[in-house]
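One file, query-v7.cif, carrying mmCIF, C-alpha atoms and all ligand atoms:
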```cif
data_structure
#
loop_
_atom_site.label_atom_id
_atom_site.label_comp_id
_atom_site.auth_asym_id
_atom_site.auth_seq_id
_atom_site.Cartn_x
_atom_site.Cartn_y
_atom_site.Cartn_z
CA MET A 1 -42.76 -67.20 45.06
CA TYR A 2 -45.92 -65.69 46.46
CA THR A 3 -46.46 -62.07 45.56
CA MET A 4 -49.24 -60.06 47.10
CA ASN A 5 -51.75 -58.36 44.88
CA ALA A 6 -51.76 -54.59 45.04
CA LEU A 7 -55.49 -54.66 44.45
CA GLN A 8 -58.07 -57.38 44.50
CA THR A 9 -61.85 -57.31 44.25
CA GLU A 10 -64.46 -60.03 44.41
CA ASN A 11 -67.94 -59.57 43.00
CA LEU A 12 -67.89 -55.86 43.63
CA SER A 13 -71.27 -54.33 42.79
CA LYS A 14 -72.67 -50.85 43.01
CA GLN A 15 -76.15 -49.52 42.47
CA TYR A 16 -76.61 -45.79 42.74
CA ARG A 17 -80.02 -44.66 43.92
CA SER A 18 -81.46 -41.46 42.60
CA GLY A 19 -84.66 -39.57 41.99
CA ALA A 20 -87.40 -38.72 44.50
CA PHE A 21 -87.28 -41.11 47.46
CA LYS A 22 -84.25 -42.66 45.78
CA LYS A 23 -86.55 -44.93 43.86
CA TYR A 24 -84.38 -45.35 40.77
CA ASN A 25 -81.69 -47.96 40.86
CA ILE A 26 -78.76 -47.23 38.59
CA PRO A 27 -76.52 -50.27 38.25
CA ALA A 28 -72.95 -48.98 37.87
CA LEU A 29 -70.89 -52.09 38.68
CA ASP A 30 -71.98 -55.70 38.42
CA LYS A 31 -69.90 -58.35 40.20
CA VAL A 32 -66.52 -57.00 39.25
CA SER A 33 -63.63 -59.31 40.19
CA LEU A 34 -60.18 -57.98 39.37
CA GLU A 35 -56.62 -58.64 40.47
CA VAL A 36 -53.74 -56.23 39.97
CA GLY A 37 -50.27 -57.48 40.81
CA GLU A 38 -47.76 -55.38 42.70
CA GLY A 39 -45.67 -53.27 40.31
CA GLU A 40 -48.07 -53.63 37.37
CA ILE A 41 -49.52 -50.94 35.17
CA PHE A 42 -53.15 -51.96 34.86
CA GLY A 43 -55.58 -50.30 32.46
CA LEU A 44 -59.33 -50.30 33.01
CA LEU A 45 -61.01 -49.61 29.68
CA GLY A 46 -64.58 -48.97 28.82
CA PRO A 47 -66.97 -46.65 27.04
CA ASN A 48 -68.52 -43.64 28.79
CA GLY A 49 -70.67 -44.67 31.73
CA ALA A 50 -69.14 -48.16 31.98
CA GLY A 51 -68.37 -47.68 35.67
CA LYS A 52 -64.63 -46.95 35.59
CA THR A 53 -64.73 -43.89 37.85
CA THR A 54 -67.12 -45.64 40.22
CA PHE A 55 -64.61 -48.48 40.58
CA ILE A 56 -61.77 -46.15 41.58
CA LYS A 57 -64.04 -44.18 43.94
CA ILE A 58 -65.02 -47.40 45.70
CA MET A 59 -61.39 -48.42 46.11
CA LEU A 60 -60.74 -45.06 47.79
CA SER A 61 -63.95 -45.18 49.90
CA ILE A 62 -65.30 -42.03 48.24
CA VAL A 63 -68.29 -44.14 47.22
CA HIS A 64 -69.37 -47.31 49.00
CA ALA A 65 -70.00 -50.62 47.26
CA THR A 66 -73.46 -52.17 47.50
CA SER A 67 -71.93 -55.62 47.85
CA GLY A 68 -68.69 -57.50 47.30
CA LYS A 69 -65.21 -57.39 48.70
CA ALA A 70 -62.16 -55.25 47.96
CA GLU A 71 -58.60 -55.32 49.25
CA ILE A 72 -55.52 -53.17 48.78
CA PHE A 73 -52.23 -54.90 49.54
CA GLY A 74 -54.14 -57.64 51.31
CA GLN A 75 -56.10 -55.32 53.61
CA SER A 76 -59.79 -54.56 53.40
CA ILE A 77 -60.51 -51.11 51.96
CA LYS A 78 -62.68 -50.53 55.05
CA ILE A 79 -59.49 -50.09 57.05
CA ARG A 80 -58.83 -46.36 56.99
CA SER A 81 -55.04 -46.53 56.94
CA VAL A 82 -55.19 -48.38 53.60
CA ARG A 83 -55.84 -45.03 51.94
CA GLU A 84 -52.40 -43.83 53.00
CA LEU A 85 -50.93 -46.32 50.52
CA CYS A 86 -52.86 -44.73 47.65
CA GLY A 87 -52.44 -41.73 45.41
CA TYR A 88 -55.32 -40.38 43.33
CA LEU A 89 -55.63 -38.22 40.26
CA PRO A 90 -59.37 -37.59 39.83
CA GLU A 91 -60.94 -37.06 36.42
CA ASN A 92 -61.67 -33.41 35.52
CA HIS A 93 -59.87 -32.17 38.63
CA ARG A 94 -59.84 -28.44 39.37
CA TYR A 95 -57.19 -26.65 41.36
CA PRO A 96 -57.64 -23.22 42.91
CA GLN A 97 -56.54 -20.89 40.10
CA PHE A 98 -55.06 -18.29 42.43
CA LEU A 99 -52.48 -20.73 43.79
CA HIS A 100 -49.20 -21.33 42.03
CA GLY A 101 -47.95 -24.84 41.35
CA LEU A 102 -45.76 -25.15 44.43
CA ASP A 103 -48.50 -23.90 46.79
CA THR A 104 -50.97 -26.33 45.24
CA LEU A 105 -48.67 -29.22 46.11
CA LEU A 106 -48.08 -27.87 49.63
CA PHE A 107 -51.82 -27.54 50.14
CA PHE A 108 -52.52 -31.12 49.10
CA GLY A 109 -49.52 -32.37 51.05
CA ARG A 110 -50.98 -30.79 54.21
CA LEU A 111 -54.33 -32.44 53.49
CA ASN A 112 -52.39 -35.69 53.31
CA GLY A 113 -51.02 -35.01 56.77
CA LEU A 114 -47.38 -34.55 55.73
CA SER A 115 -45.26 -32.68 58.27
CA GLU A 116 -44.10 -29.14 57.39
CA SER A 117 -40.48 -30.32 57.22
CA GLU A 118 -41.32 -33.09 54.73
CA LEU A 119 -43.60 -30.92 52.60
CA ARG A 120 -41.23 -28.58 50.78
CA PRO A 121 -38.49 -31.01 49.75
CA ARG A 122 -41.16 -33.45 48.58
CA ALA A 123 -42.96 -30.81 46.50
CA GLN A 124 -39.66 -29.61 45.04
CA THR A 125 -38.61 -33.13 44.02
CA LEU A 126 -41.98 -33.80 42.42
CA LEU A 127 -41.95 -30.53 40.49
CA GLU A 128 -38.66 -31.74 39.04
CA THR A 129 -40.08 -35.18 38.29
CA VAL A 130 -42.99 -33.74 36.34
CA GLY A 131 -40.90 -31.01 34.70
CA LEU A 132 -42.58 -27.98 36.27
CA VAL A 133 -39.71 -26.46 38.27
CA GLN A 134 -39.68 -23.34 36.06
CA TRP A 135 -43.41 -22.95 36.64
CA ALA A 136 -43.40 -23.49 40.41
CA LYS A 137 -44.23 -19.85 41.19
CA VAL A 138 -46.65 -19.29 38.32
CA LYS A 139 -50.39 -19.34 39.07
CA THR A 140 -52.10 -22.49 37.81
CA LYS A 141 -54.53 -20.25 35.93
CA LYS A 142 -51.75 -19.90 33.34
CA TYR A 143 -51.04 -23.63 33.03
CA SER A 144 -51.89 -25.58 29.89
CA LYS A 145 -54.03 -28.70 30.11
CA GLY A 146 -50.92 -30.90 29.90
CA MET A 147 -49.20 -28.94 32.65
CA LEU A 148 -52.29 -29.21 34.85
CA GLN A 149 -52.32 -32.97 34.38
CA ARG A 150 -48.63 -33.16 35.27
CA LEU A 151 -49.29 -31.04 38.36
CA GLY A 152 -52.16 -33.39 39.18
CA LEU A 153 -49.78 -36.30 38.90
CA ALA A 154 -47.35 -34.59 41.27
CA GLN A 155 -50.26 -33.95 43.67
CA ALA A 156 -51.21 -37.65 43.54
CA LEU A 157 -47.61 -38.55 44.40
CA MET A 158 -47.22 -36.22 47.39
CA ASN A 159 -47.76 -39.00 49.94
CA ASN A 160 -45.37 -41.33 48.09
CA PRO A 161 -48.09 -43.89 47.29
CA LYS A 162 -47.45 -47.55 46.55
CA LEU A 163 -50.63 -47.68 44.46
CA LEU A 164 -51.52 -44.83 42.16
CA PHE A 165 -55.06 -44.39 40.79
CA LEU A 166 -55.30 -42.25 37.69
CA ASP A 167 -58.68 -41.40 36.21
CA GLU A 168 -58.22 -40.43 32.55
CA PRO A 169 -54.70 -39.04 33.07
CA THR A 170 -54.18 -38.00 29.45
CA ASP A 171 -57.65 -36.65 28.73
CA GLY A 172 -57.43 -33.44 26.72
CA VAL A 173 -53.64 -33.58 26.56
CA ASP A 174 -51.88 -33.24 23.19
CA PRO A 175 -49.64 -36.03 21.81
CA VAL A 176 -46.43 -34.47 23.13
CA GLY A 177 -47.93 -34.05 26.60
CA ARG A 178 -49.27 -37.59 26.48
CA LYS A 179 -45.83 -38.96 25.68
CA GLU A 180 -44.42 -37.04 28.66
CA ILE A 181 -47.07 -38.48 30.98
CA ARG A 182 -46.43 -41.98 29.60
CA ASP A 183 -42.70 -41.64 30.24
CA LEU A 184 -43.42 -40.43 33.76
CA LEU A 185 -45.61 -43.44 34.46
CA ILE A 186 -43.01 -45.84 33.09
CA GLY A 187 -40.46 -44.16 35.38
CA LEU A 188 -42.75 -44.63 38.39
CA LYS A 189 -43.29 -48.26 37.52
CA SER A 190 -39.54 -48.82 37.41
CA GLN A 191 -39.41 -47.52 40.99
CA GLY A 192 -41.98 -50.12 42.02
CA THR A 193 -45.20 -48.06 42.03
CA THR A 194 -48.31 -49.95 41.01
CA ILE A 195 -50.46 -47.94 38.62
CA PHE A 196 -54.17 -48.38 38.03
CA LEU A 197 -55.48 -46.22 35.23
CA ASN A 198 -58.86 -45.58 33.73
CA SER A 199 -59.07 -44.60 30.14
CA HIS A 200 -61.10 -44.59 27.01
CA LEU A 201 -57.97 -43.68 25.04
CA LEU A 202 -57.14 -47.18 23.99
CA SER A 203 -54.00 -46.45 22.00
CA GLU A 204 -52.54 -44.88 25.16
CA VAL A 205 -53.34 -47.80 27.38
CA GLU A 206 -52.01 -50.21 24.78
CA LEU A 207 -48.61 -48.53 24.91
CA ILE A 208 -47.99 -48.82 28.65
CA SER A 209 -50.31 -51.32 30.33
CA ASP A 210 -49.06 -54.73 31.39
CA ARG A 211 -52.63 -55.94 31.63
CA VAL A 212 -56.04 -54.51 30.91
CA ALA A 213 -59.68 -55.19 31.72
CA ILE A 214 -62.55 -54.14 29.52
CA LEU A 215 -65.61 -52.92 31.35
CA ASN A 216 -68.98 -52.50 29.67
CA LYS A 217 -72.20 -51.54 31.45
CA GLY A 218 -70.64 -52.37 34.80
CA LYS A 219 -69.43 -55.83 33.80
CA VAL A 220 -65.89 -57.01 33.10
CA ILE A 221 -66.05 -58.59 29.67
CA ARG A 222 -62.33 -59.36 29.16
CA THR A 223 -59.07 -59.32 31.10
CA GLY A 224 -55.56 -60.12 29.95
CA THR A 225 -52.42 -58.66 28.47
CA VAL A 226 -52.90 -56.43 25.45
CA ALA A 227 -51.21 -59.14 23.35
CA GLU A 228 -53.59 -61.83 24.63
CA ILE A 229 -56.60 -59.67 24.01
CA THR A 230 -55.63 -58.61 20.50
CA SER A 231 -54.07 -61.89 19.33
CA GLN A 232 -56.71 -62.92 16.90
CA LYS A 233 -55.81 -64.75 13.76
CA LEU A 234 -52.74 -63.21 12.14
CA SER A 235 -53.40 -61.55 8.82
CA TYR A 236 -50.91 -60.85 6.04
CA THR A 237 -51.04 -59.09 2.72
CA ILE A 238 -48.58 -60.42 0.14
CA GLN A 239 -47.94 -58.55 -3.11
CA LEU A 240 -46.92 -60.97 -5.87
CA SER A 241 -44.72 -60.15 -8.85
CA SER A 242 -46.88 -62.23 -11.16
CA HIS A 243 -50.24 -63.96 -11.43
CA LEU A 244 -51.17 -66.74 -9.00
CA PRO A 245 -51.79 -70.05 -10.81
CA LEU A 246 -55.29 -71.43 -10.38
CA ALA A 247 -54.05 -74.66 -8.80
CA LEU A 248 -52.26 -72.74 -6.08
CA GLU A 249 -55.29 -70.51 -5.54
CA GLU A 250 -57.44 -73.61 -5.00
CA ARG A 251 -54.90 -75.06 -2.61
CA PHE A 252 -54.69 -71.92 -0.47
CA LYS A 253 -58.46 -71.58 -0.46
CA SER A 254 -58.89 -75.03 0.99
CA SER A 255 -56.03 -74.92 3.50
CA LEU A 256 -56.04 -71.40 4.98
CA PRO A 257 -58.56 -70.02 7.52
CA ALA A 258 -59.10 -66.96 5.29
CA PHE A 259 -57.95 -66.23 1.77
CA SER A 260 -58.64 -63.72 -0.96
CA TYR A 261 -56.86 -62.88 -4.18
CA THR A 262 -57.16 -59.88 -6.51
CA ASP A 263 -54.71 -58.02 -8.76
CA ASN A 264 -51.66 -60.08 -7.78
CA ARG A 265 -52.50 -59.36 -4.14
CA LEU A 266 -53.00 -62.13 -1.60
CA ASP A 267 -54.80 -61.48 1.67
CA ILE A 268 -54.50 -64.41 4.04
CA SER A 269 -55.10 -65.28 7.67
CA LEU A 270 -53.16 -67.86 9.64
CA ASN A 271 -53.73 -69.66 12.91
CA ASP A 272 -50.06 -69.47 13.75
CA LYS A 273 -47.10 -67.40 12.57
CA THR A 274 -45.17 -70.55 11.54
CA ASP A 275 -47.88 -71.35 8.97
CA LEU A 276 -46.51 -68.52 6.87
CA ASN A 277 -43.44 -70.49 5.72
CA PRO A 278 -45.32 -73.16 3.72
CA VAL A 279 -47.22 -70.38 1.91
CA ILE A 280 -44.00 -68.63 0.93
CA ASP A 281 -42.39 -71.95 -0.06
CA ALA A 282 -45.36 -72.83 -2.29
CA LEU A 283 -45.14 -69.43 -4.01
CA ARG A 284 -41.39 -69.73 -4.60
CA THR A 285 -41.70 -73.30 -5.90
CA ALA A 286 -44.26 -72.05 -8.42
CA GLY A 287 -41.70 -69.43 -9.48
CA ILE A 288 -43.67 -66.46 -8.16
CA GLY A 289 -41.71 -63.52 -6.75
CA ILE A 290 -42.79 -61.58 -3.68
CA ASP A 291 -42.77 -57.79 -4.09
CA GLY A 292 -43.83 -56.99 -0.57
CA MET A 293 -45.49 -58.29 2.53
CA THR A 294 -47.24 -56.60 5.46
CA GLN A 295 -48.72 -57.98 8.63
CA GLN A 296 -52.11 -56.70 9.76
CA LYS A 297 -52.46 -56.80 13.53
CA ALA A 298 -55.71 -55.86 15.21
CA SER A 299 -55.20 -52.89 17.51
CA LEU A 300 -56.76 -52.82 20.93
CA GLU A 301 -59.10 -50.19 19.55
CA ASP A 302 -60.38 -52.42 16.71
CA TYR A 303 -60.86 -55.22 19.16
CA PHE A 304 -62.56 -53.04 21.75
CA ILE A 305 -65.05 -51.59 19.28
CA LYS A 306 -66.00 -55.05 17.98
CA LEU A 307 -66.29 -56.45 21.48
CA VAL A 308 -68.43 -53.67 22.93
CA GLN A 309 -70.67 -53.57 19.83
CA GLY A 310 -71.05 -57.35 20.02
CA GLU A 311 -71.99 -57.22 23.71
CA ASN A 312 -74.47 -54.41 23.18
CA ASN A 313 -76.18 -56.35 20.39
CA LYS A 314 -76.79 -59.37 22.63
N1 LIG A 401 -73.43 -40.08 41.97
C1 LIG A 401 -74.12 -40.79 41.08
N2 LIG A 401 -75.47 -40.94 41.20
C2 LIG A 401 -76.18 -41.66 40.31
N3 LIG A 401 -75.63 -42.27 39.26
C3 LIG A 401 -74.31 -42.17 39.07
C4 LIG A 401 -73.47 -41.42 39.97
N4 LIG A 401 -72.19 -41.49 39.52
C5 LIG A 401 -72.23 -42.25 38.40
N5 LIG A 401 -73.49 -42.67 38.14
C6 LIG A 401 -73.89 -43.54 37.01
O1 LIG A 401 -73.16 -44.75 37.11
C7 LIG A 401 -72.74 -45.21 35.82
C8 LIG A 401 -71.22 -45.34 35.77
O2 LIG A 401 -70.62 -44.05 35.86
P1 LIG A 401 -69.06 -43.81 35.93
O3 LIG A 401 -68.83 -42.36 36.11
O4 LIG A 401 -68.48 -44.73 36.94
O5 LIG A 401 -68.62 -44.26 34.47
P2 LIG A 401 -67.23 -44.05 33.69
O6 LIG A 401 -66.89 -45.36 33.08
O7 LIG A 401 -66.23 -43.43 34.57
O8 LIG A 401 -67.63 -43.05 32.51
P3 LIG A 401 -66.75 -41.91 31.77
O9 LIG A 401 -65.92 -42.59 30.75
O10 LIG A 401 -67.79 -41.05 31.14
O11 LIG A 401 -65.95 -41.17 32.81
C9 LIG A 401 -73.31 -44.21 34.83
O12 LIG A 401 -74.53 -44.71 34.36
C10 LIG A 401 -73.53 -42.96 35.66
O13 LIG A 401 -74.57 -42.19 35.14
MG MG A 402 -65.13 -41.70 34.47
#
```
Starting from the coordinates I provided, produce the structure as structure tokens.
Amino acid sequence: MYTMNALQTENLSKQYRSGAFKKYNIPALDKVSLEVGEGEIFGLLGPNGAGKTTFIKIMLSIVHATSGKAEIFGQSIKIRSVRELCGYLPENHRYPQFLHGLDTLLFFGRLNGLSESELRPRAQTLLETVGLVQWAKVKTKKYSKGMLQRLGLAQALMNNPKLLFLDEPTDGVDPVGRKEIRDLLIGLKSQGTTIFLNSHLLSEVELISDRVAILNKGKVIRTGTVAEITSQKLSYTIQLSSHLPLALEERFKSSLPAFSYTDNRLDISLNDKTDLNPVIDALRTAGIGIDGMTQQKASLEDYFIKLVQGENNK
């Protein structure tokens, strides 16, 4: 079955010009090619200044690409009506503090061109979705950071977008607030919304993204599922009940990709999970008990740090 991509770019590049006579070229994106399938949650990761915000701004025609091609649901982003399919939560957004939550949504809904009859029911439903009904008539000045982000999310959903762009949606939000936002996004996904999110909070992205891309200095250096990206060699720590015989130590040393042994503790790496069984069998045959075993899995964060440091050292 052919499914259309929600977003697709080909060699998208952007150089900002700045300084007197615009003589300085600042490369922000360098030949970025990405595909995001319909209904996916896609995470764009990268350190500060990598070009994440620039990417979203180009997709929404807030900033124009220097070269390359970009499509949303199969249509060029140059077609104005494409923007009607999109919702956008900008990074560090500010809402007028004198407005209350409901009015803020009505205001943005009008900017989106919603009719007066659609506006109120839509705003009311979204306030429920993001859990702010009780706060509808309270000025946003009194909102916490988490509440402001949830209001921002409701604002981004006013035009019922098929593709939602979120720039650092959980920035500055505490763990409880982050969980609430995550649950909201998972709910939206289940209704078929495609979500494109920028983040440097890797543990967050890891929890909800179907696929991620890692951006560094304007270049995509990896794309894949979180599992694909973090599936390095599997590492285990095995606590033994007694000393490991020398013969067995020699055998493990020569057959395993990584091996170390101290104080009845074995640290090993395997190429495949099924390679664990022969190790256990060998231990049991030698009459050695196993007191405990833990698996060490690289987190996206570990991987990301190594990758970006490696690239920057090139
Ligand atoms: N309007 C602009 N004029 C000139 N340079 C800019 C402009 N906007 C961004 N840049 C530069 O482009 C590069 C990418 O910036 P961008 O904001 O896209 O990064 P980012 O990945 O979103 O970073 P962060 O994690 O800090 O939000 C940076 O070097 C930045 O200084
Ligand atoms: Mg940014």
Per residue of chain A within 10 Å of ligand LIG 401 (chain A), what are the shortest atom pair and its distance in Å to one decimal, counting all atoms listed in the file, with rows by chain and residue number, as a Markdown table?
```
| residue | atom | partner | partner_atom | distance |
| --- | --- | --- | --- | --- |
| A:Lys14 | CA | A:LIG401 | O1 | 8.5 |
| A:Gln15 | CA | A:LIG401 | O1 | 7.8 |
| A:Tyr16 | CA | A:LIG401 | C2 | 4.8 |
| A:Arg17 | CA | A:LIG401 | C2 | 6.1 |
| A:Ser18 | CA | A:LIG401 | C2 | 5.8 |
| A:Gly19 | CA | A:LIG401 | C2 | 8.9 |
| A:Lys22 | CA | A:LIG401 | C2 | 9.8 |
| A:Tyr24 | CA | A:LIG401 | C2 | 9.0 |
| A:Asn25 | CA | A:LIG401 | C2 | 8.4 |
| A:Ile26 | CA | A:LIG401 | N3 | 5.9 |
| A:Pro27 | CA | A:LIG401 | O1 | 6.6 |
| A:Ala28 | CA | A:LIG401 | C7 | 4.3 |
| A:Leu29 | CA | A:LIG401 | C8 | 7.4 |
| A:Leu44 | CA | A:LIG401 | O6 | 9.0 |
| A:Leu45 | CA | A:LIG401 | O6 | 8.0 |
| A:Gly46 | CA | A:LIG401 | O6 | 6.0 |
| A:Pro47 | CA | A:LIG401 | O9 | 5.6 |
| A:Asn48 | CA | A:LIG401 | O9 | 3.4 |
| A:Gly49 | CA | A:LIG401 | O5 | 3.4 |
| A:Ala50 | CA | A:LIG401 | O6 | 3.8 |
| A:Gly51 | CA | A:LIG401 | O4 | 3.2 |
| A:Lys52 | CA | A:LIG401 | O6 | 3.7 |
| A:Thr53 | CA | A:LIG401 | O7 | 3.6 |
| A:Thr54 | CA | A:LIG401 | O4 | 3.7 |
| A:Phe55 | CA | A:LIG401 | O4 | 6.5 |
| A:Ile56 | CA | A:LIG401 | O4 | 8.3 |
| A:Lys57 | CA | A:LIG401 | O4 | 8.3 |
| A:Ile58 | CA | A:LIG401 | O4 | 9.8 |
| A:Val63 | CA | A:LIG401 | N1 | 8.4 |
| A:Glu91 | CA | A:LIG401 | O11 | 7.4 |
| A:Asn92 | CA | A:LIG401 | O11 | 9.3 |
| A:Asp167 | CA | A:LIG401 | O7 | 8.0 |
| A:Glu168 | CA | A:LIG401 | O11 | 7.8 |
| A:Asn198 | CA | A:LIG401 | O7 | 7.7 |
| A:Ser199 | CA | A:LIG401 | O9 | 7.2 |
| A:His200 | CA | A:LIG401 | O9 | 6.4 |
| A:Leu201 | CA | A:LIG401 | O9 | 9.8 |
| A:Leu215 | CA | A:LIG401 | O6 | 7.9 |
| A:Asn216 | CA | A:LIG401 | O6 | 8.2 |
| A:Lys217 | CA | A:LIG401 | C8 | 7.6 |
| A:Gly218 | CA | A:LIG401 | C8 | 7.1 |
```
For this session: Give me the residues within 12 Å of A:Gln296 as a list in words, counting all atoms listed in the file and dropping any in the same chain fewer than 3 places off.
Result: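 Once the adjacent positions are removed, what remains is Thr230, Ser231, Gln232, Lys233, Leu234, Ser235, Tyr236, Thr237, Ile238, Asp267, Ile268, Ser269, Leu270, Met293, Ser299 and Asp302 of chain A.
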For this session: For A:Thr170, please output as a list in words all residues within 10 Å (counting all atoms listed in the file; exclusion window: fewer than 4 positions along the same chain).
Result: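 What passes the distance filter is Glu91, Lys145, Gly146, Gln149, Arg150, Leu166, Asp174, Pro175, Gly177, Arg178, Lys179, Glu180, Ile181, Arg182, Asn198, Ser199, His200, Leu201 and Glu204 of chain A.
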Residues near A:Glu301, anyone? I mean within 7 Å using all atoms listed in the file, not counting same-chain ones fewer than 3 positions away, as a PDB file with C-alpha atoms, keeping the file's coordinate frame.
```pdb
ATOM      1  CA  LEU A 202     -57.140 -47.180  23.990  1.00  0.00           C
ATOM      2  CA  SER A 203     -54.000 -46.450  22.000  1.00  0.00           C
ATOM      3  CA  PHE A 304     -62.560 -53.040  21.750  1.00  0.00           C
ATOM      4  CA  ILE A 305     -65.050 -51.590  19.280  1.00  0.00           C
TER       5      ILE A 305
END
```
For this session: Work out how far atom CA of A:Lys219 is from atom CA of A:Thr66, in Å to one decimal.
Result: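 These atoms are spaced 14.7 Å apart.
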Problem set entry | Close residues, A:Met158 itself excluded, 7 Å, only C-alpha atoms, min 2 positions apart in chain, as a ChimeraX atom specification | /A:109,122-123,154-156,160
For this session: Could you check which of A:Leu240, A:Leu89, A:Leu197, A:Val220 is closest to A:Phe108, using all atoms listed in the file?
Result: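 Nearest to A:Phe108: A:Leu89.
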Exercise. Looking at all atoms listed in the file, which of A:Leu307, A:Ile290, A:Lys31, A:Asp171 is the one that sits closest to ligand MG 402 (chain A)?
Worked result: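 Among the listed residues, A:Asp171 lies closest to ligand MG 402 (chain A).
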Problem set entry | Shortest interatomic distance to ligand MG 402 (chain A) - which of A:Ser255, A:Pro90, A:Pro96, A:Arg284, counting only C-alpha atoms and all ligand atoms |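 For ligand MG 402 (chain A), the nearest of the given residues is A:Pro90.
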Exercise on stretch 90-107 of chain A, axis-aligned box with 4 Å per side, report centre and edge lengths in Å to one decimal, as JSON:
```
{"center_x": -53.7, "center_y": -27.9, "center_z": 42.8, "size_x": 23.9, "size_y": 27.3, "size_z": 22.6}
```
For this session: Could you please determine the separation between atom CA of A:Leu151 and atom CA of A:Val82 in Å, to one decimal place?
Result: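 Spanning atom CA of A:Leu151 to atom CA of A:Val82 is a straight-line distance of 23.8 Å.
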Exercise. What is the distance between atom CA of A:Pro257 and atom CA of A:Arg222, in Å to one decimal?
Worked result: 24.4 Å
Exercise. Leaving out A:Leu132 and any residue of its chain fewer than 5 positions from it, which residues lie within 12 Å of it when counting only C-alpha atoms, given as a list in words?
Worked result: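 The residues that qualify are His100, Gly101, Leu102, Leu105, Ala123, Gln124, Thr125, Leu126, Leu127, Lys137, Val138, Lys139, Thr140, Tyr143, Ser144, Gly146, Met147, Leu148, Gln149, Arg150, Leu151, Gly152, Leu153, Ala154 and Glu180 of chain A.
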Exercise. Given the choices A:Asn159, A:Gly187, A:Ser254, A:Phe259, which gets closest to A:Leu111 if the distance is worked out from all atoms listed in the file?
Worked result: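 Between A:Asn159, A:Gly187, A:Ser254, A:Phe259, the residue approaching A:Leu111 most closely is A:Asn159.
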For this session: Tell me which of A:Val173, A:Arg120, A:Gln8, A:Asp30 sits closest to A:Ile77, counting all atoms listed in the file.
Result: A:Gln8
For this session: Tell me which of A:Val130, A:Val226, A:Ile280, A:Ile221 sits closest to A:Leu248, counting all atoms listed in the file.
Result: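 With all atoms listed in the file as the atom set, the closest residue is A:Ile280.
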